[in-house]
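So this block is model_3.pdb, PDB, C-alpha atoms:
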```
ATOM      1  CA  MET A 225     111.285 103.053 146.653
ATOM      2  CA  GLN A 226     110.467 100.890 149.656
ATOM      3  CA  ASN A 227     108.539  97.713 148.904
ATOM      4  CA  LYS A 228     105.082  97.392 150.431
ATOM      5  CA  ASN A 229     104.314  94.429 152.617
ATOM      6  CA  ILE A 230     101.786  92.114 151.010
ATOM      7  CA  ILE A 231      99.048  90.961 153.370
ATOM      8  CA  ASP A 232      96.707  88.028 152.699
ATOM      9  CA  LEU A 233      93.085  89.060 152.174
ATOM     10  CA  SER A 234      90.972  86.308 153.728
ATOM     11  CA  LEU A 235      87.330  85.507 153.145
ATOM     12  CA  ARG A 236      86.519  85.779 156.861
ATOM     13  CA  LEU A 237      88.009  89.265 157.122
ATOM     14  CA  THR A 238      86.110  90.293 153.999
ATOM     15  CA  GLN A 239      82.958  88.828 155.547
ATOM     16  CA  VAL A 240      83.395  91.094 158.590
ATOM     17  CA  ASP A 241      83.915  94.130 156.356
ATOM     18  CA  HIS A 242      80.791  93.353 154.301
ATOM     19  CA  SER A 243      78.518  92.935 157.332
ATOM     20  CA  HIS A 244      75.439  93.609 155.191
ATOM     21  CA  ALA A 245      76.174  90.649 152.891
ATOM     22  CA  ASP A 246      74.640  87.176 152.765
ATOM     23  CA  PHE A 247      77.079  84.371 153.442
ATOM     24  CA  ILE A 248      77.688  80.736 154.254
ATOM     25  CA  ASP A 249      80.315  81.172 156.922
ATOM     26  CA  GLY A 250      83.854  80.829 155.597
ATOM     27  CA  GLU A 251      82.733  79.508 152.194
ATOM     28  CA  VAL A 252      80.593  81.920 150.146
ATOM     29  CA  LEU A 253      79.764  85.628 150.385
ATOM     30  CA  LEU A 254      77.330  87.627 148.246
ATOM     31  CA  SER A 255      76.885  91.394 148.344
ATOM     32  CA  ASP A 256      74.713  93.580 146.117
ATOM     33  CA  LYS A 257      76.175  96.718 147.705
ATOM     34  CA  LEU A 258      79.755  96.633 146.530
ATOM     35  CA  ASN A 259      80.188 100.305 147.431
ATOM     36  CA  LYS A 260      79.415  99.601 151.105
ATOM     37  CA  GLY A 261      82.558  97.563 151.751
ATOM     38  CA  SER A 262      86.158  98.742 151.685
ATOM     39  CA  MET A 263      88.484  97.600 148.929
ATOM     40  CA  PRO A 264      92.284  97.210 149.058
ATOM     41  CA  THR A 265      94.343 100.374 148.571
ATOM     42  CA  SER A 266      97.530  98.549 149.582
ATOM     43  CA  PRO A 267      98.744  95.149 148.324
ATOM     44  CA  ARG A 268      96.519  92.228 149.292
ATOM     45  CA  ARG A 269      97.039  88.643 148.178
ATOM     46  CA  MET A 270      93.770  86.903 147.325
ATOM     47  CA  THR A 271      93.046  83.692 149.217
ATOM     48  CA  PHE A 272      89.675  83.144 147.537
ATOM     49  CA  ILE A 273      87.891  83.292 144.167
ATOM     50  CA  LEU A 274      86.258  86.639 143.334
ATOM     51  CA  VAL A 275      83.587  87.277 140.701
ATOM     52  CA  ALA A 276      82.094  90.769 140.461
ATOM     53  CA  LEU A 277      79.828  92.657 138.046
ATOM     54  CA  CYS A 278      79.993  96.443 137.776
ATOM     55  CA  THR A 279      76.425  97.761 137.599
ATOM     56  CA  ARG A 280      77.244 101.486 137.473
ATOM     57  CA  GLY A 281      80.117 103.941 137.653
ATOM     58  CA  GLU A 282      83.711 102.868 137.174
ATOM     59  CA  CYS A 283      86.576 101.405 139.203
ATOM     60  CA  GLU A 284      90.318 101.090 138.724
ATOM     61  CA  PHE A 285      92.765  98.753 140.464
ATOM     62  CA  THR A 286      95.845  96.679 139.808
ATOM     63  CA  VAL A 287      96.089  92.886 139.630
ATOM     64  CA  ASP A 288      99.703  91.683 139.827
ATOM     65  CA  THR A 289     100.771  95.266 138.942
ATOM     66  CA  GLN A 290      98.575  95.323 135.793
ATOM     67  CA  ARG A 291      96.264  98.354 135.836
ATOM     68  CA  LEU A 292      92.630  97.494 135.101
ATOM     69  CA  LYS A 293      89.566  99.685 134.606
ATOM     70  CA  ILE A 294      86.000  98.401 134.824
ATOM     71  CA  THR A 295      82.787 100.150 133.864
ATOM     72  CA  GLN A 296      79.110  99.214 133.693
ATOM     73  CA  ASN A 297      78.475  95.620 132.514
ATOM     74  CA  ASP A 298      82.106  94.570 133.037
ATOM     75  CA  LEU A 299      82.607  91.216 134.776
ATOM     76  CA  VAL A 300      85.737  90.656 136.877
ATOM     77  CA  ILE A 301      87.139  87.190 137.664
ATOM     78  CA  ILE A 302      90.165  86.976 139.961
ATOM     79  CA  SER A 303      91.421  83.658 141.317
ATOM     80  CA  ASP A 304      93.447  83.050 144.459
ATOM     81  CA  ARG A 305      97.134  83.971 144.827
ATOM     82  CA  HIS A 306      96.820  87.145 142.734
ATOM     83  CA  ILE A 307      97.742  90.470 144.335
ATOM     84  CA  VAL A 308      95.196  93.305 144.234
ATOM     85  CA  ASP A 309      96.199  96.903 144.997
ATOM     86  CA  ASN A 310      95.419 100.605 144.436
ATOM     87  CA  PHE A 311      91.631 100.346 144.274
ATOM     88  CA  GLN A 312      89.849 103.557 143.272
ATOM     89  CA  ALA A 313      86.173 104.071 142.412
ATOM     90  CA  SER A 314      83.928 106.851 141.181
ATOM     91  CA  ASP A 315      81.369 108.218 143.641
ATOM     92  CA  ASP A 316      78.514 106.425 141.878
ATOM     93  CA  ALA A 317      80.308 103.071 141.479
ATOM     94  CA  ASP A 318      78.431  99.940 142.557
ATOM     95  CA  GLY A 319      78.153  96.293 141.663
ATOM     96  CA  LEU A 320      77.444  92.698 142.593
ATOM     97  CA  LEU A 321      80.115  90.747 144.442
ATOM     98  CA  MET A 322      80.544  86.995 144.908
ATOM     99  CA  ILE A 323      83.435  85.502 146.861
ATOM    100  CA  MET A 324      84.114  81.787 147.360
ATOM    101  CA  SER A 325      86.717  79.922 149.335
ATOM    102  CA  VAL A 326      89.080  77.874 147.178
ATOM    103  CA  GLY A 327      87.841  74.667 148.810
ATOM    104  CA  PHE A 328      84.213  75.455 148.082
ATOM    105  CA  PHE A 329      85.024  76.438 144.503
ATOM    106  CA  TYR A 330      86.747  73.123 143.819
ATOM    107  CA  GLU A 331      83.882  71.292 145.472
ATOM    108  CA  VAL A 332      81.473  73.040 143.093
ATOM    109  CA  MET A 333      83.666  72.359 140.067
ATOM    110  CA  SER A 334      84.714  68.815 141.020
ATOM    111  CA  ASN A 335      82.738  67.192 138.198
ATOM    112  CA  VAL A 336      83.514  69.815 135.545
ATOM    113  CA  SER A 337      86.087  68.332 133.195
ATOM    114  CA  ASP A 338      87.228  71.651 131.675
ATOM    115  CA  VAL A 339      87.787  73.673 134.836
ATOM    116  CA  SER A 340      91.135  74.775 133.367
ATOM    117  CA  LEU A 341      89.263  76.893 130.808
ATOM    118  CA  LEU A 342      88.212  79.289 133.552
ATOM    119  CA  PHE A 343      91.722  79.660 134.980
ATOM    120  CA  CYS A 344      93.389  80.261 131.617
ATOM    121  CA  PHE A 345      90.697  82.738 130.661
ATOM    122  CA  ALA A 346      90.820  84.658 133.952
ATOM    123  CA  ARG A 347      94.606  84.952 133.679
ATOM    124  CA  SER A 348      94.470  86.688 130.299
ATOM    125  CA  HIS A 349      91.002  88.264 130.710
ATOM    126  CA  PRO A 350      90.438  89.350 134.318
ATOM    127  CA  VAL A 351      87.845  91.779 132.924
ATOM    128  CA  VAL A 352      85.310  90.988 130.199
ATOM    129  CA  THR A 353      82.372  93.068 128.996
ATOM    130  CA  LEU A 354      79.055  91.212 129.050
ATOM    131  CA  LYS A 355      76.258  91.676 126.554
ATOM    132  CA  GLU A 356      72.901  92.861 127.892
ATOM    133  CA  ASP A 357      71.367  89.372 127.929
ATOM    134  CA  GLU A 358      74.451  88.011 129.718
ATOM    135  CA  VAL A 359      74.171  90.775 132.326
ATOM    136  CA  ARG A 360      70.525  89.867 132.912
ATOM    137  CA  LEU A 361      71.407  86.185 133.245
ATOM    138  CA  PHE A 362      74.229  86.797 135.741
ATOM    139  CA  THR A 363      71.981  89.157 137.732
ATOM    140  CA  GLU A 364      69.204  86.544 137.860
ATOM    141  CA  TYR A 365      71.638  83.910 139.132
ATOM    142  CA  PHE A 366      73.013  86.344 141.704
ATOM    143  CA  PHE A 367      69.694  87.269 143.278
ATOM    144  CA  MET A 368      68.438  83.688 143.161
ATOM    145  CA  LEU A 369      71.589  82.676 145.047
ATOM    146  CA  LYS A 370      71.146  85.562 147.457
ATOM    147  CA  GLY A 371      67.591  84.494 148.188
ATOM    148  CA  LYS A 372      68.596  80.888 148.845
ATOM    149  CA  MET A 373      71.495  81.911 151.052
ATOM    150  CA  GLY A 374      69.044  83.894 153.135
ATOM    151  CA  GLU A 375      67.041  80.722 153.862
ATOM    152  CA  VAL A 376      69.147  79.815 156.896
ATOM    153  CA  ASP A 377      66.593  77.235 158.096
ATOM    154  CA  ASN A 378      66.647  75.330 154.797
ATOM    155  CA  ARG A 379      68.582  72.139 155.564
ATOM    156  CA  PHE A 380      69.569  71.863 151.883
ATOM    157  CA  ARG A 381      70.690  75.500 151.589
ATOM    158  CA  ARG A 382      74.363  74.731 150.986
ATOM    159  CA  ASP A 383      73.621  72.072 148.344
ATOM    160  CA  ILE A 384      71.186  74.380 146.544
ATOM    161  CA  VAL A 385      73.736  77.207 146.537
ATOM    162  CA  ARG A 386      76.450  74.877 145.246
ATOM    163  CA  THR A 387      74.201  73.650 142.420
ATOM    164  CA  LEU A 388      73.167  77.174 141.385
ATOM    165  CA  ILE A 389      76.805  78.336 141.331
ATOM    166  CA  LEU A 390      77.715  75.352 139.164
ATOM    167  CA  ALA A 391      74.951  76.274 136.691
ATOM    168  CA  MET A 392      76.134  79.885 136.715
ATOM    169  CA  PHE A 393      79.704  78.837 135.915
ATOM    170  CA  TYR A 394      78.509  76.758 132.984
ATOM    171  CA  ASP A 395      76.836  79.868 131.593
ATOM    172  CA  LEU A 396      79.959  81.917 132.299
ATOM    173  CA  SER A 397      81.960  79.300 130.389
ATOM    174  CA  ASN A 398      79.653  79.940 127.445
ATOM    175  CA  VAL A 399      80.616  83.629 127.676
ATOM    176  CA  ILE A 400      84.276  82.576 127.637
ATOM    177  CA  VAL A 401      83.725  80.569 124.449
ATOM    178  CA  ARG A 402      81.980  83.565 122.867
ATOM    179  CA  VAL A 403      84.874  85.885 123.688
ATOM    180  CA  GLN A 404      87.532  83.427 122.526
ATOM    181  CA  GLN A 405      85.781  82.821 119.220
ATOM    182  CA  GLY A 406      85.849  86.554 118.569
ATOM    183  CA  GLU A 407      89.591  86.789 119.097
ATOM    184  CA  SER A 408      92.304  86.252 116.558
ATOM    185  CA  ARG A 409      94.972  85.902 119.268
ATOM    186  CA  ARG A 410      96.123  82.331 119.729
ATOM    187  CA  GLN A 411      96.896  80.827 123.106
ATOM    188  CA  SER A 412     100.519  81.164 124.154
ATOM    189  CA  ARG A 413     102.617  78.017 124.452
ATOM    190  CA  ALA A 414     102.537  78.417 128.240
ATOM    191  CA  ASP A 415      98.721  78.517 128.252
ATOM    192  CA  VAL A 416      98.579  75.409 126.072
ATOM    193  CA  ILE A 417     100.968  73.507 128.357
ATOM    194  CA  PHE A 418      99.032  74.544 131.454
ATOM    195  CA  THR A 419      95.702  73.499 129.915
ATOM    196  CA  ARG A 420      97.091  70.113 128.843
ATOM    197  CA  PHE A 421      98.669  69.633 132.269
ATOM    198  CA  ILE A 422      95.366  70.289 134.076
ATOM    199  CA  HIS A 423      93.557  67.896 131.740
ATOM    200  CA  LEU A 424      96.093  65.195 132.583
ATOM    201  CA  VAL A 425      95.781  65.893 136.309
ATOM    202  CA  GLU A 426      91.992  65.652 136.116
ATOM    203  CA  GLN A 427      92.311  62.219 134.500
ATOM    204  CA  HIS A 428      95.181  60.709 136.512
ATOM    205  CA  PHE A 429      95.538  62.407 139.926
ATOM    206  CA  ARG A 430      94.017  59.417 141.759
ATOM    207  CA  HIS A 431      96.938  57.216 140.755
ATOM    208  CA  GLU A 432      99.766  59.518 139.694
ATOM    209  CA  ARG A 433     101.235  62.418 141.680
ATOM    210  CA  ARG A 434     104.784  62.660 140.265
ATOM    211  CA  VAL A 435     105.571  65.875 138.391
ATOM    212  CA  GLY A 436     108.097  63.940 136.310
ATOM    213  CA  TRP A 437     105.353  61.635 135.017
ATOM    214  CA  TYR A 438     103.211  64.568 133.854
ATOM    215  CA  ALA A 439     106.235  66.206 132.233
ATOM    216  CA  GLU A 440     106.971  62.956 130.385
ATOM    217  CA  GLN A 441     103.423  62.812 129.014
ATOM    218  CA  LEU A 442     103.822  66.389 127.753
ATOM    219  CA  CYS A 443     107.280  65.667 126.297
ATOM    220  CA  ILE A 444     108.962  68.411 128.318
ATOM    221  CA  THR A 445     111.327  68.457 131.296
ATOM    222  CA  PRO A 446     109.975  68.570 134.862
ATOM    223  CA  LYS A 447     111.803  71.873 135.394
ATOM    224  CA  TYR A 448     110.165  73.460 132.337
ATOM    225  CA  LEU A 449     106.742  72.166 133.395
ATOM    226  CA  SER A 450     107.203  73.536 136.916
ATOM    227  CA  GLU A 451     108.335  76.953 135.679
ATOM    228  CA  THR A 452     105.538  77.199 133.106
ATOM    229  CA  VAL A 453     102.715  76.153 135.441
ATOM    230  CA  LYS A 454     104.009  78.540 138.123
ATOM    231  CA  VAL A 455     104.088  81.491 135.711
ATOM    232  CA  VAL A 456     100.596  80.796 134.312
ATOM    233  CA  SER A 457      98.736  79.943 137.507
ATOM    234  CA  GLY A 458     100.818  81.102 140.450
ATOM    235  CA  ARG A 459     100.906  77.500 141.717
ATOM    236  CA  THR A 460     103.417  74.713 141.278
ATOM    237  CA  PRO A 461     102.429  71.416 139.599
ATOM    238  CA  ASN A 462     102.671  69.697 142.989
ATOM    239  CA  GLU A 463     100.230  72.183 144.482
ATOM    240  CA  TRP A 464      97.753  71.568 141.661
ATOM    241  CA  VAL A 465      97.957  67.795 142.037
ATOM    242  CA  ASP A 466      97.668  68.041 145.822
ATOM    243  CA  SER A 467      94.576  70.259 145.546
ATOM    244  CA  TYR A 468      92.818  67.677 143.351
ATOM    245  CA  VAL A 469      93.829  64.823 145.677
ATOM    246  CA  THR A 470      92.709  66.745 148.775
ATOM    247  CA  LEU A 471      89.321  67.560 147.265
ATOM    248  CA  GLU A 472      88.755  63.941 146.240
ATOM    249  CA  LEU A 473      89.670  62.716 149.728
ATOM    250  CA  ARG A 474      87.263  65.195 151.313
ATOM    251  CA  VAL A 475      84.459  64.085 149.007
ATOM    252  CA  MET A 476      85.116  60.373 149.605
ATOM    253  CA  LEU A 477      85.267  60.814 153.387
ATOM    254  CA  LYS A 478      81.974  62.710 153.437
ATOM    255  CA  THR A 479      79.965  60.854 150.793
ATOM    256  CA  THR A 480      81.070  57.202 151.015
ATOM    257  CA  THR A 481      81.224  54.537 153.699
ATOM    258  CA  LYS A 482      84.593  53.243 152.497
ATOM    259  CA  SER A 483      87.168  52.697 155.220
ATOM    260  CA  ILE A 484      90.235  54.937 155.315
ATOM    261  CA  LYS A 485      92.300  51.898 154.350
ATOM    262  CA  GLU A 486      90.110  51.332 151.266
ATOM    263  CA  ILE A 487      90.348  55.016 150.334
ATOM    264  CA  ALA A 488      94.143  54.881 150.704
ATOM    265  CA  GLU A 489      94.304  51.930 148.319
ATOM    266  CA  GLU A 490      91.969  53.555 145.800
ATOM    267  CA  MET A 491      93.973  56.805 145.865
ATOM    268  CA  ASN A 492      97.311  54.983 145.522
ATOM    269  CA  PHE A 493      98.760  55.843 148.942
ATOM    270  CA  PRO A 494     101.247  53.269 150.327
ATOM    271  CA  ASN A 495      99.020  52.837 153.386
ATOM    272  CA  GLN A 496      96.464  54.704 155.485
ATOM    273  CA  SER A 497      99.222  56.226 157.639
ATOM    274  CA  PHE A 498     100.599  58.050 154.589
ATOM    275  CA  LEU A 499      97.096  59.181 153.678
ATOM    276  CA  GLY A 500      96.543  60.468 157.209
ATOM    277  CA  LYS A 501      99.775  62.465 157.179
ATOM    278  CA  PHE A 502      98.961  63.962 153.753
ATOM    279  CA  PHE A 503      95.424  64.863 154.810
ATOM    280  CA  ARG A 504      96.510  66.532 158.068
ATOM    281  CA  GLU A 505      99.100  68.599 156.201
ATOM    282  CA  HIS A 506      96.519  69.909 153.718
ATOM    283  CA  VAL A 507      93.304  70.065 155.753
ATOM    284  CA  GLY A 508      94.579  70.494 159.289
ATOM    285  CA  VAL A 509      92.759  67.535 160.879
ATOM    286  CA  SER A 510      92.913  63.763 160.571
ATOM    287  CA  PRO A 511      90.645  61.927 158.090
ATOM    288  CA  THR A 512      88.690  60.414 160.998
ATOM    289  CA  VAL A 513      88.057  63.776 162.653
ATOM    290  CA  TYR A 514      87.061  65.304 159.276
ATOM    291  CA  ARG A 515      84.631  62.484 158.571
ATOM    292  CA  ARG A 516      82.966  62.863 161.973
ATOM    293  CA  SER A 517      82.751  66.671 161.834
TER     294      SER A 517
END
```
The structure given in the file should be rewritten as structure tokens.
Amino acid sequence: MQNKNIIDLSLRLTQVDHSHADFIDGEVLLSDKLNKGSMPTSPRRMTFILVALCTRGECEFTVDTQRLKITQNDLVIISDRHIVDNFQASDDADGLLMIMSVGFFYEVMSNVSDVSLLFCFARSHPVVTLKEDEVRLFTEYFFMLKGKMGEVDNRFRRDIVRTLILAMFYDLSNVIVRVQQGESRRQSRADVIFTRFIHLVEQHFRHERRVGWYAEQLCITPKYLSETVKVVSGRTPNEWVDSYVTLELRVMLKTTTKSIKEIAEEMNFPNQSFLGKFFREHVGVSPTVYRRS
């Protein structure tokens, strides 16, 4: 059988397809008419974070070749890099859809110490059934967010949306705890290593970017750490560390008056030239241009 070509599914293309949706351009999209937009029937690699609630009917699709079925009150969480394919839906299927760019998601979650909980959970539980009160809570968050995103003249719109999404994810984390407490299945060794690795990165990424150092703290080889993190998350350890460093640099450039030299010293770069090269590779512009934009 001939392999299908896998095409990246971008947030901007999805935004065009869901022309009826509310959005902050290139960062967040909300749609309460999931049945109005097309869904992938051929392989598409996610480049964003997707959270959706089925409100009626049923849908089937594959995530990384695993066949999933969702019905009313099922919540779907799919992170970036996963491959979605073969979407099918009943005639009456509908739901609520929220899509976020990876950068915006990490900006929202930058001060959440246990962000790894969400990734580990979504990997093993891309679909979870919500209780009626949890459905009501998610729906309330959704339409509150939708209302605020519609206030295009509100100069604080983006900050309000970011804060509401953060509150929503805290409540979703409470759902995760509820589901995990009801399970007898223990975390796999790979999940445990990944969770411990992310915790270490959250604590030390400002001063330590060597994969070997993190492997040493976990008492495993760098090769084993790299293979395990890649299998669990779809990203290498270097990519995880770089994403934390990039987010921190973006925040410092936008929210502090520190010079680029001072930021380079604080983030343990040899000098500001190294910082500039790193930033351009990961963001696409220089730190100075980003700060002024």
Which residue, A:Lys355, A:His423, A:Arg382, A:His431, has the smallest gap to Leu396 in chain A when you use all atoms listed in the file?
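Among the listed residues, the smallest separation from Leu396 in chain A belongs to A:Lys355.
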In Å, with one decimal, what is the gap from CA of Leu369 in chain A to CA of Glu356 in chain A?
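CA of Glu356 in chain A lies 20.0 Å from CA of Leu369 in chain A.
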Please provide the set of residues having any atom within 12 Å of Trp437 in chain A, restricted to all atoms listed in the file, with same-chain residues fewer than 4 positions apart removed, written as a ChimeraX atom specification.
/A:421,424-425,428-429,431-433,441-446,449,461-462,465
Check which residues of range 350-369 of chain A sit at most 10 Å from range 320-323 of chain A using all atoms listed in the file, and return one row each with the closest pair of atoms and their distance in Å to one decimal, ordered by chain and rising number, as CSV.
```
residue,atom,partner,partner_atom,distance
A:Phe362,CA,A:Leu320,CA,9.6
A:Thr363,CA,A:Leu320,CA,8.1
A:Phe366,CA,A:Leu320,CA,7.8
A:Phe367,CA,A:Leu320,CA,9.5
A:Leu369,CA,A:Met322,CA,9.9
```
Quick check on the file I pasted: which residues fall under the PyMOL selection byres ((chain A and resi 288) around 8)? Write them as a PDB file with C-alpha atoms, keeping the file's coordinate frame.
```
ATOM      1  CA  THR A 286      95.845  96.679 139.808  1.00  0.00           C
ATOM      2  CA  VAL A 287      96.089  92.886 139.630  1.00  0.00           C
ATOM      3  CA  THR A 289     100.771  95.266 138.942  1.00  0.00           C
ATOM      4  CA  GLN A 290      98.575  95.323 135.793  1.00  0.00           C
ATOM      5  CA  HIS A 306      96.820  87.145 142.734  1.00  0.00           C
ATOM      6  CA  ILE A 307      97.742  90.470 144.335  1.00  0.00           C
ATOM      7  CA  VAL A 308      95.196  93.305 144.234  1.00  0.00           C
TER       8      VAL A 308
END
```
Leaving out Val351 in chain A and any residue of its chain fewer than 5 positions from it, which residues lie within 7 Å of it when counting only C-alpha atoms, given as a short mmCIF file (atom, residue, chain, number, x, y, z; two decimals) with C-alpha atoms, in the coordinates of the input?
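Saved as around_30.cif:
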```cif
data_model
loop_
_atom_site.label_atom_id
_atom_site.label_comp_id
_atom_site.auth_asym_id
_atom_site.auth_seq_id
_atom_site.Cartn_x
_atom_site.Cartn_y
_atom_site.Cartn_z
CA ASP A 298 82.11 94.57 133.04
CA LEU A 299 82.61 91.22 134.78
CA VAL A 300 85.74 90.66 136.88
CA ILE A 301 87.14 87.19 137.66
#
```
